[in-house]
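Beneath this line is the structure, given in structure tokens, with notes to follow.
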Amino acid sequence: KLQFLYLIAEQGRRGAAVYGMHSSSVPLLTALAVAGGCCALGAAPPSPEPWPEQFHATLLQNRSGALARVELFYDFKNGKNYNLIYPQLNETAVLYDLEFQNGSTYYYSPNAAGGAGACFAIDMGVGLLKPGWMGGAKYLGSGAVDGFAVDVFNQTALGHGAYFATYYNHHDADRGDRPVMWRFFDNAEFTVLSFTPGVPAPDIHIPVACPFKHLGAAEPFLRRPARTS
């Protein structure tokens with residue numbers, strides 16, 4: 001077991017995508033019961049509660065050291081998922097990542113081009129993540145992240161077998177489940193600073209002139225999650 005834990009820790013330090021963890025998560029790994037014995041004999045491992053159909057979360061995004069504040073509005077009820085991305089120390093360069101249930105995603109920079117704005121759209125070919133998208137995830141064990149007790153899960157690419165995300169879930173007896181952090185297959189990590197259920201997505205007006213672009217060979221990661229679950 002100790003050898004297995006050491007191997008996982010080394011993979012975490014190298015940012016191994018299969019576990020979706022980075023060096024700051026290594027102290028957590030030593031506490032994870034990933035080599036078996038994580039649960040009482042005969043007891044089923046825990047699983048995260050489904051997401052609320054509507055919520056607002058403020059996230060700290062980390063993409064290979066590039067930080068940004070993200071205002072996430074998940075609104076499955078109305079077929080929307082909005083990520084308003086504000087780069088560190090450059091919030092005027094905000095990018096609106098607007099996703100819709102019909103598979104369309106719009107990237108809108110309202111302050112680009114001298115304030116005239118810039119916009120393009122792509123057809124992702126998939127809709128939104130469903131509230132229960134973590135169903136069937138592999139339980140890795142329990143530990144602590146940022147002072148919160150968490151259960152840690154790996155999710156494959158929603159039925160396709162490839163790694164999709166690592167999810168750190170905190171269960172509060174009074175407030176239910178809340179994510180503390182998650183990390184996607186492209187190594188983008190999101191730390192949750194606030195999580196408020198019941199908040200619908202705001203109205204954001206997309207410019208009429210917002211042309212569609214075709215996905216090229218240089219953007220295969222955009223097509224990797226081929227369907228929702």
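We name chains A, B, ... following the order of the structure tokens; residues begin at 1 in each chain, and ligands are numbered from 1 as shown.
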Could the residues of segment 79-124 of chain A that have an atom at most 8 Å from segment 198-201 of chain A be listed as CSV, each with its closest atom pair and the distance in Å to one decimal, counting only C-alpha atoms and ordered by chain and ascending residue number?
residue,atom,partner,partner_atom,distance
A:Lys80,CA,A:Ala201,CA,7.0
A:Asn81,CA,A:Ala201,CA,7.4
A:Tyr82,CA,A:Ala201,CA,7.0
Output for the residues just chosen: all heavy atoms as an mmCIF file, in the first residue's frame:
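Saved as again-v8.cif:
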data_model
loop_
_atom_site.group_PDB
_atom_site.id
_atom_site.type_symbol
_atom_site.label_atom_id
_atom_site.label_comp_id
_atom_site.auth_asym_id
_atom_site.auth_seq_id
_atom_site.Cartn_x
_atom_site.Cartn_y
_atom_site.Cartn_z
ATOM 1 N N LYS A 80 -28.550 26.581 -20.023
ATOM 2 C CA LYS A 80 -27.410 27.487 -20.142
ATOM 3 C C LYS A 80 -26.316 27.111 -19.146
ATOM 4 O O LYS A 80 -26.590 26.615 -18.052
ATOM 5 C CB LYS A 80 -27.832 28.934 -19.851
ATOM 6 C CG LYS A 80 -28.958 29.479 -20.703
ATOM 7 C CD LYS A 80 -29.366 30.863 -20.218
ATOM 8 C CE LYS A 80 -30.547 31.418 -20.981
ATOM 9 N NZ LYS A 80 -30.943 32.758 -20.470
ATOM 10 N N ASN A 81 -25.081 27.378 -19.517
ATOM 11 C CA ASN A 81 -23.948 27.286 -18.596
ATOM 12 C C ASN A 81 -22.977 28.397 -18.979
ATOM 13 O O ASN A 81 -22.370 28.356 -20.047
ATOM 14 C CB ASN A 81 -23.258 25.926 -18.696
ATOM 15 C CG ASN A 81 -22.172 25.762 -17.653
ATOM 16 O OD1 ASN A 81 -22.435 25.826 -16.450
ATOM 17 N ND2 ASN A 81 -20.940 25.551 -18.095
ATOM 18 N N TYR A 82 -22.871 29.410 -18.120
ATOM 19 C CA TYR A 82 -22.066 30.579 -18.429
ATOM 20 C C TYR A 82 -20.816 30.600 -17.553
ATOM 21 O O TYR A 82 -20.900 30.448 -16.331
ATOM 22 C CB TYR A 82 -22.847 31.866 -18.172
ATOM 23 C CG TYR A 82 -23.977 32.136 -19.127
ATOM 24 C CD1 TYR A 82 -24.836 33.219 -18.921
ATOM 25 C CD2 TYR A 82 -24.207 31.340 -20.250
ATOM 26 C CE1 TYR A 82 -25.874 33.498 -19.794
ATOM 27 C CE2 TYR A 82 -25.246 31.603 -21.122
ATOM 28 C CZ TYR A 82 -26.088 32.684 -20.892
ATOM 29 O OH TYR A 82 -27.115 32.957 -21.747
#
Selection near segment 91-95 of chain A, 12 Å with only C-alpha atoms, sequence-local residues under 6 positions removed, as an mmCIF file with N, CA and C atoms, in the first residue's frame:
data_model
loop_
_atom_site.group_PDB
_atom_site.id
_atom_site.type_symbol
_atom_site.label_atom_id
_atom_site.label_comp_id
_atom_site.auth_asym_id
_atom_site.auth_seq_id
_atom_site.Cartn_x
_atom_site.Cartn_y
_atom_site.Cartn_z
ATOM 1 N N LEU A 67 -3.788 32.507 -13.828
ATOM 2 C CA LEU A 67 -4.922 32.550 -12.913
ATOM 3 C C LEU A 67 -6.024 33.465 -13.444
ATOM 4 N N ALA A 68 -7.247 33.141 -13.068
ATOM 5 C CA ALA A 68 -8.390 33.970 -13.428
ATOM 6 C C ALA A 68 -9.510 33.717 -12.430
ATOM 7 N N ARG A 69 -10.344 34.743 -12.250
ATOM 8 C CA ARG A 69 -11.586 34.572 -11.495
ATOM 9 C C ARG A 69 -12.687 34.216 -12.474
ATOM 10 N N VAL A 70 -13.462 33.189 -12.119
ATOM 11 C CA VAL A 70 -14.545 32.746 -12.986
ATOM 12 C C VAL A 70 -15.853 32.847 -12.216
ATOM 13 N N GLU A 71 -16.806 33.550 -12.812
ATOM 14 C CA GLU A 71 -18.162 33.557 -12.275
ATOM 15 C C GLU A 71 -18.963 32.535 -13.094
ATOM 16 N N TYR A 82 -22.871 29.410 -18.120
ATOM 17 C CA TYR A 82 -22.066 30.579 -18.429
ATOM 18 C C TYR A 82 -20.816 30.600 -17.553
ATOM 19 N N ASN A 83 -19.660 30.822 -18.180
ATOM 20 C CA ASN A 83 -18.403 31.043 -17.475
ATOM 21 C C ASN A 83 -17.903 32.435 -17.851
ATOM 22 N N LEU A 84 -17.935 33.354 -16.904
ATOM 23 C CA LEU A 84 -17.440 34.707 -17.122
ATOM 24 C C LEU A 84 -16.032 34.758 -16.544
ATOM 25 N N ILE A 85 -15.033 34.830 -17.408
ATOM 26 C CA ILE A 85 -13.639 34.605 -17.045
ATOM 27 C C ILE A 85 -12.892 35.930 -17.006
ATOM 28 N N TYR A 106 -20.548 30.038 -27.370
ATOM 29 C CA TYR A 106 -20.168 31.354 -27.857
ATOM 30 C C TYR A 106 -19.044 31.908 -26.982
ATOM 31 N N TYR A 107 -17.997 32.426 -27.619
ATOM 32 C CA TYR A 107 -16.897 33.092 -26.929
ATOM 33 C C TYR A 107 -16.978 34.577 -27.271
ATOM 34 N N TYR A 108 -17.297 35.358 -26.268
ATOM 35 C CA TYR A 108 -17.568 36.779 -26.473
ATOM 36 C C TYR A 108 -16.678 37.601 -25.551
ATOM 37 N N SER A 109 -15.880 38.492 -26.145
ATOM 38 C CA SER A 109 -15.029 39.416 -25.390
ATOM 39 C C SER A 109 -15.606 40.813 -25.564
ATOM 40 N N PRO A 110 -16.418 41.283 -24.624
ATOM 41 C CA PRO A 110 -17.146 42.550 -24.824
ATOM 42 C C PRO A 110 -16.249 43.769 -24.930
ATOM 43 N N ASN A 111 -15.031 43.716 -24.351
ATOM 44 C CA ASN A 111 -14.163 44.891 -24.342
ATOM 45 C C ASN A 111 -13.076 44.841 -25.417
ATOM 46 N N ALA A 112 -13.079 43.799 -26.250
ATOM 47 C CA ALA A 112 -12.064 43.682 -27.290
ATOM 48 C C ALA A 112 -12.349 44.651 -28.428
ATOM 49 N N ALA A 113 -11.363 44.784 -29.321
ATOM 50 C CA ALA A 113 -11.489 45.628 -30.515
ATOM 51 C C ALA A 113 -11.895 47.051 -30.163
ATOM 52 N N GLY A 114 -11.194 47.602 -29.157
ATOM 53 C CA GLY A 114 -11.452 48.978 -28.779
ATOM 54 C C GLY A 114 -12.823 49.214 -28.192
ATOM 55 N N GLY A 115 -13.390 48.176 -27.585
ATOM 56 C CA GLY A 115 -14.691 48.302 -26.966
ATOM 57 C C GLY A 115 -15.829 47.867 -27.853
ATOM 58 N N GLY A 117 -16.078 44.920 -29.118
ATOM 59 C CA GLY A 117 -16.363 43.532 -28.806
ATOM 60 C C GLY A 117 -15.927 42.596 -29.915
ATOM 61 N N ALA A 118 -15.676 41.340 -29.532
ATOM 62 C CA ALA A 118 -15.305 40.301 -30.486
ATOM 63 C C ALA A 118 -16.030 39.025 -30.090
ATOM 64 N N CYS A 119 -16.504 38.285 -31.094
ATOM 65 C CA CYS A 119 -17.316 37.111 -30.801
ATOM 66 C C CYS A 119 -17.137 36.065 -31.886
ATOM 67 N N PHE A 120 -17.083 34.801 -31.485
ATOM 68 C CA PHE A 120 -17.211 33.702 -32.422
ATOM 69 C C PHE A 120 -17.878 32.548 -31.698
#
Considering only C-alpha atoms, return as a VMD selection string whatever protein or nucleic-acid residues lie within 8 Å of Phe100 of chain A, sequence-local ones (same chain, fewer than 4 positions apart) excluded. chain A and resid 79 to 81 104 to 105 127 to 128
For atom CA of Phe190 of chain A and atom CA of Tyr163 of chain A, determine how far apart the two atoms are, in Å to one decimal place. 16.7 Å
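Computed from the coordinates, the atom CA of Val152 of chain A to atom CA of Leu140 of chain A distance equals 5.4 Å.
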Filtered DSSP result for segment 43-210 of chain A, state helix (DSSP H, G or I), as a ChimeraX atom specification: /A:76-78,91-93,113-115
9 Å contact set for Pro131 of chain A, only C-alpha atoms, chain neighbours under 6 positions out, as a VMD selection string: chain A and resid 49 to 53 76
I need the strand (DSSP E or B) residues of segment 12-216 of chain A per DSSP on the backbone, written as a ChimeraX atom specification. /A:54-63,66-75,80-87,95-100,104-109,118-123,138-145,148-156,163-172,176-184,189-197,212
With C-alpha atoms retained, write the just-selected residues as a PDB file, in the first residue's frame.
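Resulting contents of result.pdb:
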ATOM      1  CA  GLN A  54     -29.280  26.195 -10.949  1.00  0.00           C
ATOM      2  CA  PHE A  55     -26.356  27.671  -9.031  1.00  0.00           C
ATOM      3  CA  HIS A  56     -23.775  30.443  -9.073  1.00  0.00           C
ATOM      4  CA  ALA A  57     -20.185  29.742  -8.054  1.00  0.00           C
ATOM      5  CA  THR A  58     -17.118  31.953  -7.893  1.00  0.00           C
ATOM      6  CA  LEU A  59     -14.048  29.966  -8.931  1.00  0.00           C
ATOM      7  CA  LEU A  60     -10.291  30.456  -9.032  1.00  0.00           C
ATOM      8  CA  GLN A  61      -9.145  29.064 -12.370  1.00  0.00           C
ATOM      9  CA  ASN A  62      -5.561  27.849 -12.767  1.00  0.00           C
ATOM     10  CA  ARG A  63      -4.379  26.915 -16.253  1.00  0.00           C
ATOM     11  CA  ALA A  66      -2.306  31.470 -15.455  1.00  0.00           C
ATOM     12  CA  LEU A  67      -4.922  32.550 -12.913  1.00  0.00           C
ATOM     13  CA  ALA A  68      -8.390  33.970 -13.428  1.00  0.00           C
ATOM     14  CA  ARG A  69     -11.586  34.572 -11.495  1.00  0.00           C
ATOM     15  CA  VAL A  70     -14.545  32.746 -12.986  1.00  0.00           C
ATOM     16  CA  GLU A  71     -18.162  33.557 -12.275  1.00  0.00           C
ATOM     17  CA  LEU A  72     -19.935  30.304 -13.135  1.00  0.00           C
ATOM     18  CA  PHE A  73     -23.691  30.262 -13.699  1.00  0.00           C
ATOM     19  CA  TYR A  74     -24.958  26.717 -14.155  1.00  0.00           C
ATOM     20  CA  ASP A  75     -28.581  26.838 -15.284  1.00  0.00           C
ATOM     21  CA  LYS A  80     -27.410  27.487 -20.142  1.00  0.00           C
ATOM     22  CA  ASN A  81     -23.948  27.286 -18.596  1.00  0.00           C
ATOM     23  CA  TYR A  82     -22.066  30.579 -18.429  1.00  0.00           C
ATOM     24  CA  ASN A  83     -18.403  31.043 -17.475  1.00  0.00           C
ATOM     25  CA  LEU A  84     -17.440  34.707 -17.122  1.00  0.00           C
ATOM     26  CA  ILE A  85     -13.639  34.605 -17.045  1.00  0.00           C
ATOM     27  CA  TYR A  86     -11.678  37.551 -15.607  1.00  0.00           C
ATOM     28  CA  PRO A  87      -7.872  37.202 -16.015  1.00  0.00           C
ATOM     29  CA  LEU A  95     -14.105  36.472 -21.749  1.00  0.00           C
ATOM     30  CA  TYR A  96     -17.680  35.195 -21.744  1.00  0.00           C
ATOM     31  CA  ASP A  97     -17.791  31.436 -22.378  1.00  0.00           C
ATOM     32  CA  LEU A  98     -21.505  30.873 -23.008  1.00  0.00           C
ATOM     33  CA  GLU A  99     -22.640  27.267 -23.434  1.00  0.00           C
ATOM     34  CA  PHE A 100     -26.103  26.090 -24.445  1.00  0.00           C
ATOM     35  CA  SER A 104     -23.520  25.807 -29.323  1.00  0.00           C
ATOM     36  CA  THR A 105     -20.786  27.631 -27.421  1.00  0.00           C
ATOM     37  CA  TYR A 106     -20.168  31.354 -27.857  1.00  0.00           C
ATOM     38  CA  TYR A 107     -16.897  33.092 -26.929  1.00  0.00           C
ATOM     39  CA  TYR A 108     -17.568  36.779 -26.473  1.00  0.00           C
ATOM     40  CA  SER A 109     -15.029  39.416 -25.390  1.00  0.00           C
ATOM     41  CA  ALA A 118     -15.305  40.301 -30.486  1.00  0.00           C
ATOM     42  CA  CYS A 119     -17.316  37.111 -30.801  1.00  0.00           C
ATOM     43  CA  PHE A 120     -17.211  33.702 -32.422  1.00  0.00           C
ATOM     44  CA  ALA A 121     -19.109  30.483 -31.910  1.00  0.00           C
ATOM     45  CA  ILE A 122     -18.441  26.770 -32.254  1.00  0.00           C
ATOM     46  CA  ASP A 123     -20.635  23.716 -32.377  1.00  0.00           C
ATOM     47  CA  LYS A 138     -14.515   6.017  -9.127  1.00  0.00           C
ATOM     48  CA  TYR A 139     -14.031   6.747  -5.433  1.00  0.00           C
ATOM     49  CA  LEU A 140     -10.355   7.422  -4.588  1.00  0.00           C
ATOM     50  CA  GLY A 141     -10.687   8.056  -0.864  1.00  0.00           C
ATOM     51  CA  SER A 142     -11.004  10.872   1.633  1.00  0.00           C
ATOM     52  CA  GLY A 143      -8.684  13.616   2.800  1.00  0.00           C
ATOM     53  CA  ALA A 144      -8.514  17.384   3.185  1.00  0.00           C
ATOM     54  CA  VAL A 145      -8.206  20.248   0.707  1.00  0.00           C
ATOM     55  CA  PHE A 148     -12.186  21.045   4.100  1.00  0.00           C
ATOM     56  CA  ALA A 149     -12.767  17.337   4.577  1.00  0.00           C
ATOM     57  CA  VAL A 150     -13.363  15.921   1.101  1.00  0.00           C
ATOM     58  CA  ASP A 151     -14.159  12.738  -0.739  1.00  0.00           C
ATOM     59  CA  VAL A 152     -12.221  12.447  -3.992  1.00  0.00           C
ATOM     60  CA  PHE A 153     -13.535  10.938  -7.229  1.00  0.00           C
ATOM     61  CA  ASN A 154     -12.246  10.282 -10.725  1.00  0.00           C
ATOM     62  CA  GLN A 155     -14.729  10.477 -13.568  1.00  0.00           C
ATOM     63  CA  THR A 156     -14.079   9.024 -17.001  1.00  0.00           C
ATOM     64  CA  TYR A 163     -10.036  10.318 -17.935  1.00  0.00           C
ATOM     65  CA  PHE A 164     -12.304  13.372 -17.703  1.00  0.00           C
ATOM     66  CA  ALA A 165     -12.108  14.978 -14.251  1.00  0.00           C
ATOM     67  CA  THR A 166     -11.049  14.652 -10.617  1.00  0.00           C
ATOM     68  CA  TYR A 167     -13.644  16.018  -8.214  1.00  0.00           C
ATOM     69  CA  TYR A 168     -13.172  17.008  -4.558  1.00  0.00           C
ATOM     70  CA  ASN A 169     -16.499  16.949  -2.725  1.00  0.00           C
ATOM     71  CA  HIS A 170     -17.246  18.300   0.769  1.00  0.00           C
ATOM     72  CA  HIS A 171     -20.327  17.012   2.585  1.00  0.00           C
ATOM     73  CA  ASP A 172     -21.920  19.346   5.107  1.00  0.00           C
ATOM     74  CA  GLY A 176     -25.452  19.188   1.762  1.00  0.00           C
ATOM     75  CA  ASP A 177     -22.695  18.535  -0.768  1.00  0.00           C
ATOM     76  CA  ARG A 178     -20.511  21.318  -2.127  1.00  0.00           C
ATOM     77  CA  PRO A 179     -17.542  20.977  -4.476  1.00  0.00           C
ATOM     78  CA  VAL A 180     -14.256  22.322  -3.126  1.00  0.00           C
ATOM     79  CA  MET A 181     -12.231  21.822  -6.297  1.00  0.00           C
ATOM     80  CA  TRP A 182     -12.223  19.970  -9.599  1.00  0.00           C
ATOM     81  CA  ARG A 183      -9.643  19.388 -12.299  1.00  0.00           C
ATOM     82  CA  PHE A 184     -10.364  18.554 -15.938  1.00  0.00           C
ATOM     83  CA  GLU A 189      -8.027  23.357 -12.111  1.00  0.00           C
ATOM     84  CA  PHE A 190     -10.915  25.193 -10.465  1.00  0.00           C
ATOM     85  CA  THR A 191     -11.008  26.036  -6.747  1.00  0.00           C
ATOM     86  CA  VAL A 192     -14.487  26.894  -5.482  1.00  0.00           C
ATOM     87  CA  LEU A 193     -14.609  30.117  -3.454  1.00  0.00           C
ATOM     88  CA  SER A 194     -18.398  30.353  -3.158  1.00  0.00           C
ATOM     89  CA  PHE A 195     -21.316  28.139  -4.139  1.00  0.00           C
ATOM     90  CA  THR A 196     -24.907  29.407  -4.083  1.00  0.00           C
ATOM     91  CA  PRO A 197     -27.722  27.110  -5.259  1.00  0.00           C
ATOM     92  CA  PHE A 212     -19.357  30.032 -36.325  1.00  0.00           C
TER      93      PHE A 212
END
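Atom to atom, atom CA of Asp203 of chain A and atom CA of Asn78 of chain A stand 11.3 Å apart.
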